>>> print(open('run-v5.cif').read())   # mmCIF, C-alpha atoms
data_my_file
loop_
_atom_site.label_atom_id
_atom_site.label_comp_id
_atom_site.auth_asym_id
_atom_site.auth_seq_id
_atom_site.Cartn_x
_atom_site.Cartn_y
_atom_site.Cartn_z
CA MET A 1 -12.26 -8.58 -19.15
CA GLN A 2 -12.53 -11.16 -16.45
CA ASP A 3 -8.78 -11.14 -16.05
CA TYR A 4 -8.74 -7.88 -14.21
CA VAL A 5 -11.98 -7.52 -12.35
CA THR A 6 -13.50 -8.96 -9.21
CA VAL A 7 -17.28 -8.97 -8.93
CA GLN A 8 -19.45 -8.74 -5.85
CA VAL A 9 -23.19 -9.22 -5.78
CA ASN A 10 -24.87 -8.11 -2.56
CA ASP A 11 -21.58 -8.01 -0.66
CA GLU A 12 -20.52 -11.50 -1.69
CA PHE A 13 -17.84 -12.43 -4.16
CA VAL A 14 -18.89 -14.14 -7.37
CA ALA A 15 -16.43 -16.82 -8.48
CA ARG A 16 -14.89 -16.17 -11.89
CA GLU A 17 -16.32 -19.45 -13.15
CA GLU A 18 -19.82 -18.13 -12.53
CA PHE A 19 -19.44 -14.87 -14.46
CA GLU A 20 -21.29 -16.26 -17.45
CA THR A 21 -23.97 -18.11 -15.56
CA ARG A 22 -24.86 -15.95 -12.56
CA ILE A 23 -28.25 -14.26 -12.89
CA ILE A 24 -28.65 -10.78 -11.44
CA LYS A 25 -32.05 -9.91 -9.95
CA GLU A 26 -33.57 -6.47 -9.81
CA GLY A 27 -32.43 -4.71 -6.66
CA ASP A 28 -29.14 -6.62 -6.47
CA ALA A 29 -26.13 -4.50 -5.60
CA VAL A 30 -23.35 -5.27 -8.07
CA GLU A 31 -19.81 -4.03 -7.52
CA PHE A 32 -16.95 -4.26 -10.01
CA LEU A 33 -13.56 -4.04 -8.33
CA TYR A 34 -10.71 -3.41 -10.73
CA PHE A 35 -7.10 -4.38 -10.41
CA MET A 36 -5.00 -1.28 -10.07
CA GLY A 37 -1.29 -1.80 -10.24
CA GLY A 38 0.46 1.46 -10.88
CA GLY A 39 3.59 2.64 -12.59
CA ALA A 40 5.69 -0.44 -13.34
CA LEU A 41 8.05 0.88 -16.01
CA MET B 1 11.53 8.67 26.90
CA SER B 2 11.10 12.37 27.46
CA PHE B 3 10.57 15.04 24.87
CA THR B 4 12.92 17.89 24.16
CA ASP B 5 11.46 21.39 23.98
CA ASP B 6 11.93 21.24 20.22
CA GLN B 7 9.98 18.03 19.98
CA LEU B 8 7.14 19.41 22.09
CA GLU B 9 7.03 22.32 19.69
CA ARG B 10 7.44 20.20 16.57
CA TYR B 11 4.66 17.79 17.47
CA SER B 12 2.45 20.28 19.28
CA ARG B 13 -0.39 19.97 16.77
CA HIS B 14 -0.45 16.23 17.40
CA ILE B 15 -0.09 16.48 21.15
CA ILE B 16 -3.15 18.71 21.48
CA LEU B 17 -5.33 16.03 19.92
CA LYS B 18 -6.97 13.94 22.61
CA GLU B 19 -6.47 10.83 20.48
CA VAL B 20 -2.73 11.47 20.41
CA GLY B 21 -1.32 13.43 23.34
CA VAL B 22 2.17 12.92 24.67
CA LYS B 23 1.51 9.19 25.02
CA GLY B 24 0.49 8.86 21.39
CA GLN B 25 3.41 10.87 20.08
CA LYS B 26 5.71 8.60 22.09
CA LYS B 27 4.08 5.60 20.40
CA LEU B 28 4.76 7.17 17.00
CA LEU B 29 8.39 7.83 17.85
CA GLN B 30 8.82 4.25 19.02
CA SER B 31 7.12 2.66 16.03
CA ARG B 32 8.59 1.23 12.86
CA VAL B 33 6.91 1.44 9.46
CA LEU B 34 8.20 -0.14 6.26
CA VAL B 35 7.43 1.57 2.96
CA ILE B 36 7.96 -0.75 0.02
CA GLY B 37 8.37 1.35 -3.11
CA THR B 38 9.54 4.96 -2.91
CA GLY B 39 7.54 6.14 -5.90
CA GLY B 40 4.11 7.56 -6.55
CA LEU B 41 2.52 6.12 -3.44
CA GLY B 42 5.54 5.53 -1.23
CA ALA B 43 7.03 9.01 -1.63
CA PRO B 44 4.17 11.01 -0.12
CA ALA B 45 3.44 8.28 2.42
CA ALA B 46 7.03 8.27 3.65
CA MET B 47 7.14 12.06 3.81
CA PHE B 48 4.07 12.33 5.99
CA LEU B 49 5.22 9.48 8.19
CA GLY B 50 8.51 11.30 8.61
CA ALA B 51 6.80 14.55 9.43
CA ALA B 52 4.58 12.78 11.96
CA GLY B 53 7.57 11.45 13.82
CA ILE B 54 7.44 7.73 13.06
CA GLY B 55 10.68 6.74 14.74
CA THR B 56 11.94 4.21 12.19
CA ILE B 57 11.00 4.28 8.52
CA GLY B 58 12.25 1.58 6.19
CA LEU B 59 12.44 2.51 2.50
CA VAL B 60 12.65 -0.24 -0.11
CA ASP B 61 13.38 0.52 -3.76
CA PHE B 62 16.03 -0.62 -6.21
CA ASP B 63 15.39 2.21 -8.66
CA SER B 64 17.18 5.49 -9.18
CA VAL B 65 15.37 8.79 -9.55
CA GLU B 66 14.32 9.65 -13.12
CA LEU B 67 13.07 12.95 -14.49
CA SER B 68 9.63 11.49 -15.22
CA ASN B 69 9.26 10.61 -11.54
CA LEU B 70 9.30 14.21 -10.39
CA GLN B 71 5.76 15.00 -11.52
CA ARG B 72 4.47 12.93 -8.59
CA GLN B 73 7.23 11.44 -6.42
CA ILE B 74 7.67 14.58 -4.43
CA ILE B 75 10.19 13.17 -1.98
CA HIS B 76 12.71 13.40 -4.84
CA LEU B 77 13.94 16.72 -6.21
CA THR B 78 15.51 17.73 -9.53
CA LYS B 79 18.98 17.54 -8.01
CA ASP B 80 18.31 13.89 -7.09
CA VAL B 81 17.92 12.62 -10.66
CA GLY B 82 20.27 9.66 -11.03
CA LYS B 83 20.47 9.03 -7.28
CA PRO B 84 19.11 5.83 -5.74
CA LYS B 85 15.57 6.54 -4.59
CA VAL B 86 16.13 5.22 -1.10
CA ILE B 87 19.09 7.58 -0.61
CA SER B 88 17.15 10.54 -1.98
CA GLY B 89 14.21 9.55 0.21
CA ARG B 90 16.34 9.29 3.31
CA GLU B 91 17.91 12.69 2.69
CA THR B 92 14.55 14.40 2.30
CA ILE B 93 13.11 12.81 5.43
CA ASN B 94 16.19 13.58 7.52
CA GLU B 95 16.09 17.22 6.47
CA MET B 96 12.43 17.39 7.32
CA ASN B 97 12.74 15.60 10.64
CA PRO B 98 16.02 14.52 12.25
CA ASP B 99 14.11 12.43 14.83
CA VAL B 100 13.51 9.74 12.22
CA ASP B 101 15.86 6.84 11.66
CA VAL B 102 15.54 5.98 7.96
CA VAL B 103 16.68 2.48 7.04
CA THR B 104 17.33 1.93 3.34
CA TYR B 105 17.02 -1.28 1.34
CA LYS B 106 18.22 -0.76 -2.20
CA GLU B 107 16.65 -3.90 -3.64
CA TRP B 108 13.60 -5.32 -5.40
CA VAL B 109 11.39 -7.32 -3.06
CA ASN B 110 11.16 -10.99 -3.93
CA SER B 111 10.39 -14.27 -2.23
CA ALA B 112 13.99 -14.58 -1.05
CA ASN B 113 14.39 -11.23 0.69
CA ILE B 114 11.04 -9.84 1.79
CA LYS B 115 10.75 -11.84 5.01
CA ASP B 116 14.21 -10.74 6.07
CA ILE B 117 13.46 -7.12 5.29
CA ILE B 118 10.29 -7.21 7.37
CA LYS B 119 12.15 -8.91 10.21
CA ASP B 120 15.14 -6.55 9.99
CA ARG B 121 13.51 -4.03 12.33
CA ASP B 122 10.43 -6.11 13.09
CA TYR B 123 8.27 -3.48 11.40
CA ASP B 124 4.90 -2.78 12.99
CA PHE B 125 3.11 -1.82 9.78
CA ILE B 126 3.91 -2.16 6.11
CA ILE B 127 2.89 0.12 3.26
CA ASP B 128 2.65 -1.35 -0.22
CA GLY B 129 3.79 1.48 -2.46
CA THR B 130 4.72 -0.83 -5.32
CA ASP B 131 3.64 -0.47 -8.89
CA ASN B 132 3.27 -4.03 -10.14
CA PHE B 133 1.07 -6.99 -9.36
CA PRO B 134 3.75 -9.60 -8.63
CA ALA B 135 5.05 -7.34 -5.84
CA LYS B 136 1.58 -6.66 -4.53
CA PHE B 137 0.74 -10.33 -4.22
CA LEU B 138 4.15 -11.02 -2.71
CA ILE B 139 3.69 -8.31 -0.08
CA ASN B 140 0.21 -9.58 0.71
CA ASP B 141 1.32 -13.15 1.17
CA ALA B 142 4.40 -12.16 3.16
CA CYS B 143 2.32 -10.04 5.52
CA VAL B 144 -0.38 -12.69 5.92
CA LEU B 145 2.19 -15.39 6.65
CA ALA B 146 4.20 -13.12 8.98
CA LYS B 147 1.00 -11.87 10.62
CA LYS B 148 1.81 -8.23 9.87
CA PRO B 149 -0.73 -5.51 9.06
CA PHE B 150 -0.32 -3.63 5.82
CA SER B 151 -1.90 -1.09 3.54
CA HIS B 152 -2.48 -2.02 -0.09
CA ALA B 153 -3.03 0.60 -2.79
CA GLY B 154 -2.94 1.23 -6.52
CA ILE B 155 -3.35 4.25 -8.79
CA ILE B 156 -3.84 4.87 -12.51
CA ARG B 157 -5.01 7.80 -14.62
CA PHE B 158 -7.49 9.62 -12.39
CA GLN B 159 -8.32 6.75 -10.06
CA GLY B 160 -6.98 5.13 -6.98
CA GLN B 161 -7.91 2.60 -4.38
CA THR B 162 -6.71 1.35 -1.03
CA MET B 163 -7.53 -1.23 1.60
CA THR B 164 -5.96 -2.25 4.89
CA TYR B 165 -5.16 -5.75 6.08
CA VAL B 166 -4.93 -6.52 9.77
CA PRO B 167 -4.41 -10.18 10.68
CA GLY B 168 -7.67 -11.73 11.74
CA LYS B 169 -9.65 -8.56 11.15
CA GLY B 170 -10.79 -8.92 7.57
CA PRO B 171 -9.92 -10.04 4.05
CA CYS B 172 -6.48 -9.86 2.55
CA TYR B 173 -5.68 -8.65 -0.96
CA ARG B 174 -5.85 -12.19 -2.33
CA CYS B 175 -9.34 -12.66 -0.88
CA VAL B 176 -10.46 -9.97 -3.31
CA PHE B 177 -8.07 -10.33 -6.23
CA LYS B 178 -7.30 -14.02 -6.33
CA ASN B 179 -4.27 -14.08 -8.62
CA PRO B 180 -2.28 -11.55 -10.59
CA PRO B 181 -3.81 -10.70 -13.95
CA PRO B 182 -1.89 -11.86 -17.04
CA PRO B 183 1.11 -9.56 -17.60
CA ASP B 184 -0.49 -7.29 -20.19
CA ALA B 185 -4.10 -7.30 -19.07
CA VAL B 186 -3.83 -4.10 -17.02
CA PRO B 187 -2.11 -0.90 -18.22
CA THR B 188 0.73 0.60 -16.22
CA CYS B 189 1.11 4.28 -15.40
CA LYS B 190 3.77 4.54 -18.08
CA GLN B 191 1.30 3.27 -20.66
CA ALA B 192 -1.84 4.96 -19.41
CA GLY B 193 -0.56 7.93 -17.45
CA VAL B 194 -1.45 9.09 -13.97
CA LEU B 195 -2.36 12.50 -12.59
CA GLY B 196 0.56 13.33 -10.34
CA VAL B 197 -1.56 14.08 -7.32
CA MET B 198 -3.19 10.64 -7.29
CA GLY B 199 -0.26 9.16 -5.40
CA GLY B 200 -0.40 12.07 -3.02
CA VAL B 201 -4.02 11.46 -2.12
CA ILE B 202 -3.86 7.70 -1.88
CA GLY B 203 -0.33 7.50 -0.45
CA THR B 204 -1.33 9.92 2.28
CA LEU B 205 -4.36 7.77 3.05
CA GLN B 206 -1.97 4.86 3.46
CA ALA B 207 0.15 6.89 5.87
CA THR B 208 -3.06 7.79 7.71
CA GLU B 209 -3.85 4.12 8.21
CA ALA B 210 -0.34 3.48 9.52
CA LEU B 211 -0.63 6.34 12.02
CA LYS B 212 -4.05 5.19 13.19
CA PHE B 213 -2.80 1.66 13.62
CA VAL B 214 0.16 2.75 15.71
CA LEU B 215 -1.97 5.08 17.80
CA GLY B 216 -4.77 2.53 18.11
CA VAL B 217 -7.47 5.02 17.10
CA GLY B 218 -10.29 5.24 14.59
CA GLU B 219 -11.61 2.63 12.22
CA LEU B 220 -9.18 1.15 9.76
CA LEU B 221 -10.04 0.21 6.19
CA THR B 222 -10.20 -3.44 7.07
CA GLY B 223 -12.91 -5.27 5.18
CA HIS B 224 -13.29 -2.28 2.86
CA LEU B 225 -11.86 -1.07 -0.41
CA LEU B 226 -11.82 2.71 -0.61
CA THR B 227 -11.99 3.81 -4.24
CA TYR B 228 -11.40 7.35 -5.46
CA ASP B 229 -12.32 8.92 -8.77
CA ALA B 230 -10.60 12.30 -9.07
CA LEU B 231 -12.59 13.43 -12.09
CA LYS B 232 -15.93 12.88 -10.36
CA MET B 233 -14.48 13.76 -6.94
CA GLU B 234 -16.09 10.66 -5.55
CA PHE B 235 -14.92 8.36 -2.83
CA ARG B 236 -16.66 5.03 -2.42
CA LYS B 237 -16.16 2.61 0.40
CA VAL B 238 -16.93 -0.88 -0.88
CA LYS B 239 -17.52 -3.55 1.73
CA LEU B 240 -15.42 -6.65 1.27
CA PRO B 241 -16.46 -9.97 2.74
CA ASN B 242 -13.91 -12.41 4.10
CA ASN B 243 -13.12 -15.13 1.65
CA LYS B 244 -13.09 -18.45 3.50
CA SER B 245 -11.55 -20.16 0.51
CA CYS B 246 -8.72 -17.64 0.13
CA GLN B 247 -5.54 -19.44 -0.86
CA VAL B 248 -3.37 -17.68 1.69
CA CYS B 249 -5.57 -16.55 4.59
CA GLY B 250 -8.58 -18.84 4.24
CA GLU B 251 -9.62 -21.92 6.16
CA ASN B 252 -7.69 -24.42 4.06
CA ALA B 253 -4.94 -22.10 2.90
CA ILE B 254 -2.67 -23.75 0.37
CA ILE B 255 -0.15 -20.97 0.02
CA LYS B 256 2.51 -21.48 2.68
CA GLU B 257 5.48 -20.25 0.65
CA LEU B 258 6.04 -16.99 -1.19
CA VAL B 259 5.71 -16.87 -4.98
CA ASP B 260 7.57 -14.75 -7.51
CA TYR B 261 5.10 -14.14 -10.30
CA GLU B 262 6.26 -13.28 -13.78
CA GLN B 263 6.59 -9.59 -14.45
CA ALA B 264 5.15 -7.99 -17.59
CA ALA B 265 7.68 -8.02 -20.45
CA CYS B 266 8.29 -4.27 -20.31
CA ASP B 267 9.20 -4.53 -16.63
CA LEU B 268 12.45 -6.34 -17.21
CA LYS B 269 15.29 -4.22 -15.91
CA VAL B 270 18.82 -4.56 -17.16
#
>>> encode(input="run-v5.cif", output="structure tokens")
Amino acid sequence: MQDYVTVQVNDEFVAREEFETRIIKEGDAVEFLYFMGGGAL
Amino acid sequence: MSFTDDQLERYSRHIILKEVGVKGQKKLLQSRVLVIGTGGLGAPAAMFLGAAGIGTIGLVDFDSVELSNLQRQIIHLTKDVGKPKVISGRETINEMNPDVDVVTYKEWVNSANIKDIIKDRDYDFIIDGTDNFPAKFLINDACVLAKKPFSHAGIIRFQGQTMTYVPGKGPCYRCVFKNPPPPDAVPTCKQAGVLGVMGGVIGTLQATEALKFVLGVGELLTGHLLTYDALKMEFRKVKLPNNKSCQVCGENAIIKELVDYEQAACDLKV
């Protein structure tokens, strides 16, 4: 899963290494940005 | 340069706009936009750029037109199946608008040729219409290093997204998506499918950004990722912070040379 998503919490990027340790607080804005490549054969 | 009567008629709907006018239309006719990939995204983008009167349009694609392309790559017609895409693309644009000089590059972009292609006509703006991550990272790095603005985009199934990079004005693609995902981590359109119109919507947005950049009007999608969900009919504009530790555009950038990442196994062309 972490291979193809970038995460933002409150408009700041969360480093991949922190995915398992970062705590989300109530009211935090979390964005998941997905890789989107396209057709490629 | 002065306009012919035909041109004044052809571009009349642009010229009436206060943000364009005769001056703006001249800018369009004198500008040069490179479209890398003449497929789902590049096809509609190139068509609208041609219609708008972008004076020089570069088309890059090594592929030939296939039947399965026609559901979405509307610059190519049934009679073009088997023809190199850049030739088919040039023919369509020239029929639509003879004012446009279409330059064709029948090649795959890679670390050895992309800088030369960009320099060939010193393109003002680049559109990433490619369909694979190695190319997307290559285009990003090439544009960052050459200090050229470009529009990034991707589509799949019923979704699409796009962002614009302008040197010094916001994050680049690598700021957001650090490295390409492993070759099979993300499905391709061939595996997952794509609604034909997705390229039309997103590719046209890319052309919009190119036009706005050339004209110097409006707010570009710098520092933002515009995402589109066609099933929900929802657009979202996600704010993207700069990434000071970005490997190519950050403070201590380590990427100074272009990289050819490994393509997914099913991408290998004979």
>>> resolve_selection(input="run-v5.cif", expression="the PyMOL selection byres ((chain A and resi 36) around 9)", output="list in words")
Tyr4, Tyr34, Phe35, Gly37 and Gly38 of chain A; Asp131, Asn132, Phe133, Ala153, Gly154, Ile155, Ile156, Gln159, Gly160, Gln161, Val186, Pro187 and Thr188 of chain B
>>> closest_residue(input="run-v5.cif", among="B:Asn179, B:Thr56, B:Gln206, B:Thr92", to="chain A", atoms="all atoms listed in the file")
B:Asn179
>>> closest_residue(input="run-v5.cif", among="B:Lys232, B:Arg121, B:Arg72, B:Lys27", to="chain A", atoms="all atoms listed in the file")
B:Arg72
>>> residues_around(input="run-v5.cif", residues="region 36-50 of chain B", least_positions_apart="6", cutoff="9 Å", atoms="only C-alpha atoms", output="VMD selection string")
(chain A and resid 38 to 39) or (chain B and resid 56 to 63 69 72 to 76 85 to 86 89 92 to 94 96 to 100 102 108 to 109 126 to 131 139 153 to 155 196 to 208 210 to 211)
>>> closest_residue(input="run-v5.cif", among="B:Leu221, B:Ile254, B:Ala135, B:Cys172", to="chain A", atoms="only C-alpha atoms")
B:Ala135
>>> resolve_selection(input="run-v5.cif", expression="the PyMOL selection byres ((chain B and resi 78) around 12)", output="ChimeraX atom specification")
/B:65-71,73-77,79-83,88
>>> residues_around(input="run-v5.cif", residues="His14 (chain B)", least_positions_apart="4", cutoff="9 Å", atoms="only C-alpha atoms", output="CSV table (one decimal) with C-alpha atoms, keeping the file's coordinate frame")
chain,number,residue,atom,x,y,z
B,10,ARG,CA,7.4,20.2,16.6
B,18,LYS,CA,-7.0,13.9,22.6
B,19,GLU,CA,-6.5,10.8,20.5
B,20,VAL,CA,-2.7,11.5,20.4
B,21,GLY,CA,-1.3,13.4,23.3
B,22,VAL,CA,2.2,12.9,24.7
B,24,GLY,CA,0.5,8.9,21.4
B,25,GLN,CA,3.4,10.9,20.1
B,52,ALA,CA,4.6,12.8,12.0
>>> residues_around(input="run-v5.cif", residues="region 9-13 of chain A", least_positions_apart="3", cutoff="7 Å", atoms="only C-alpha atoms", output="ChimeraX atom specification")
/A:28-31 /B:239-241
>>> atom_distance(input="run-v5.cif", atom1="CA of Ala146 (chain B)", atom2="CA of Leu28 (chain B)")
21.8 Å
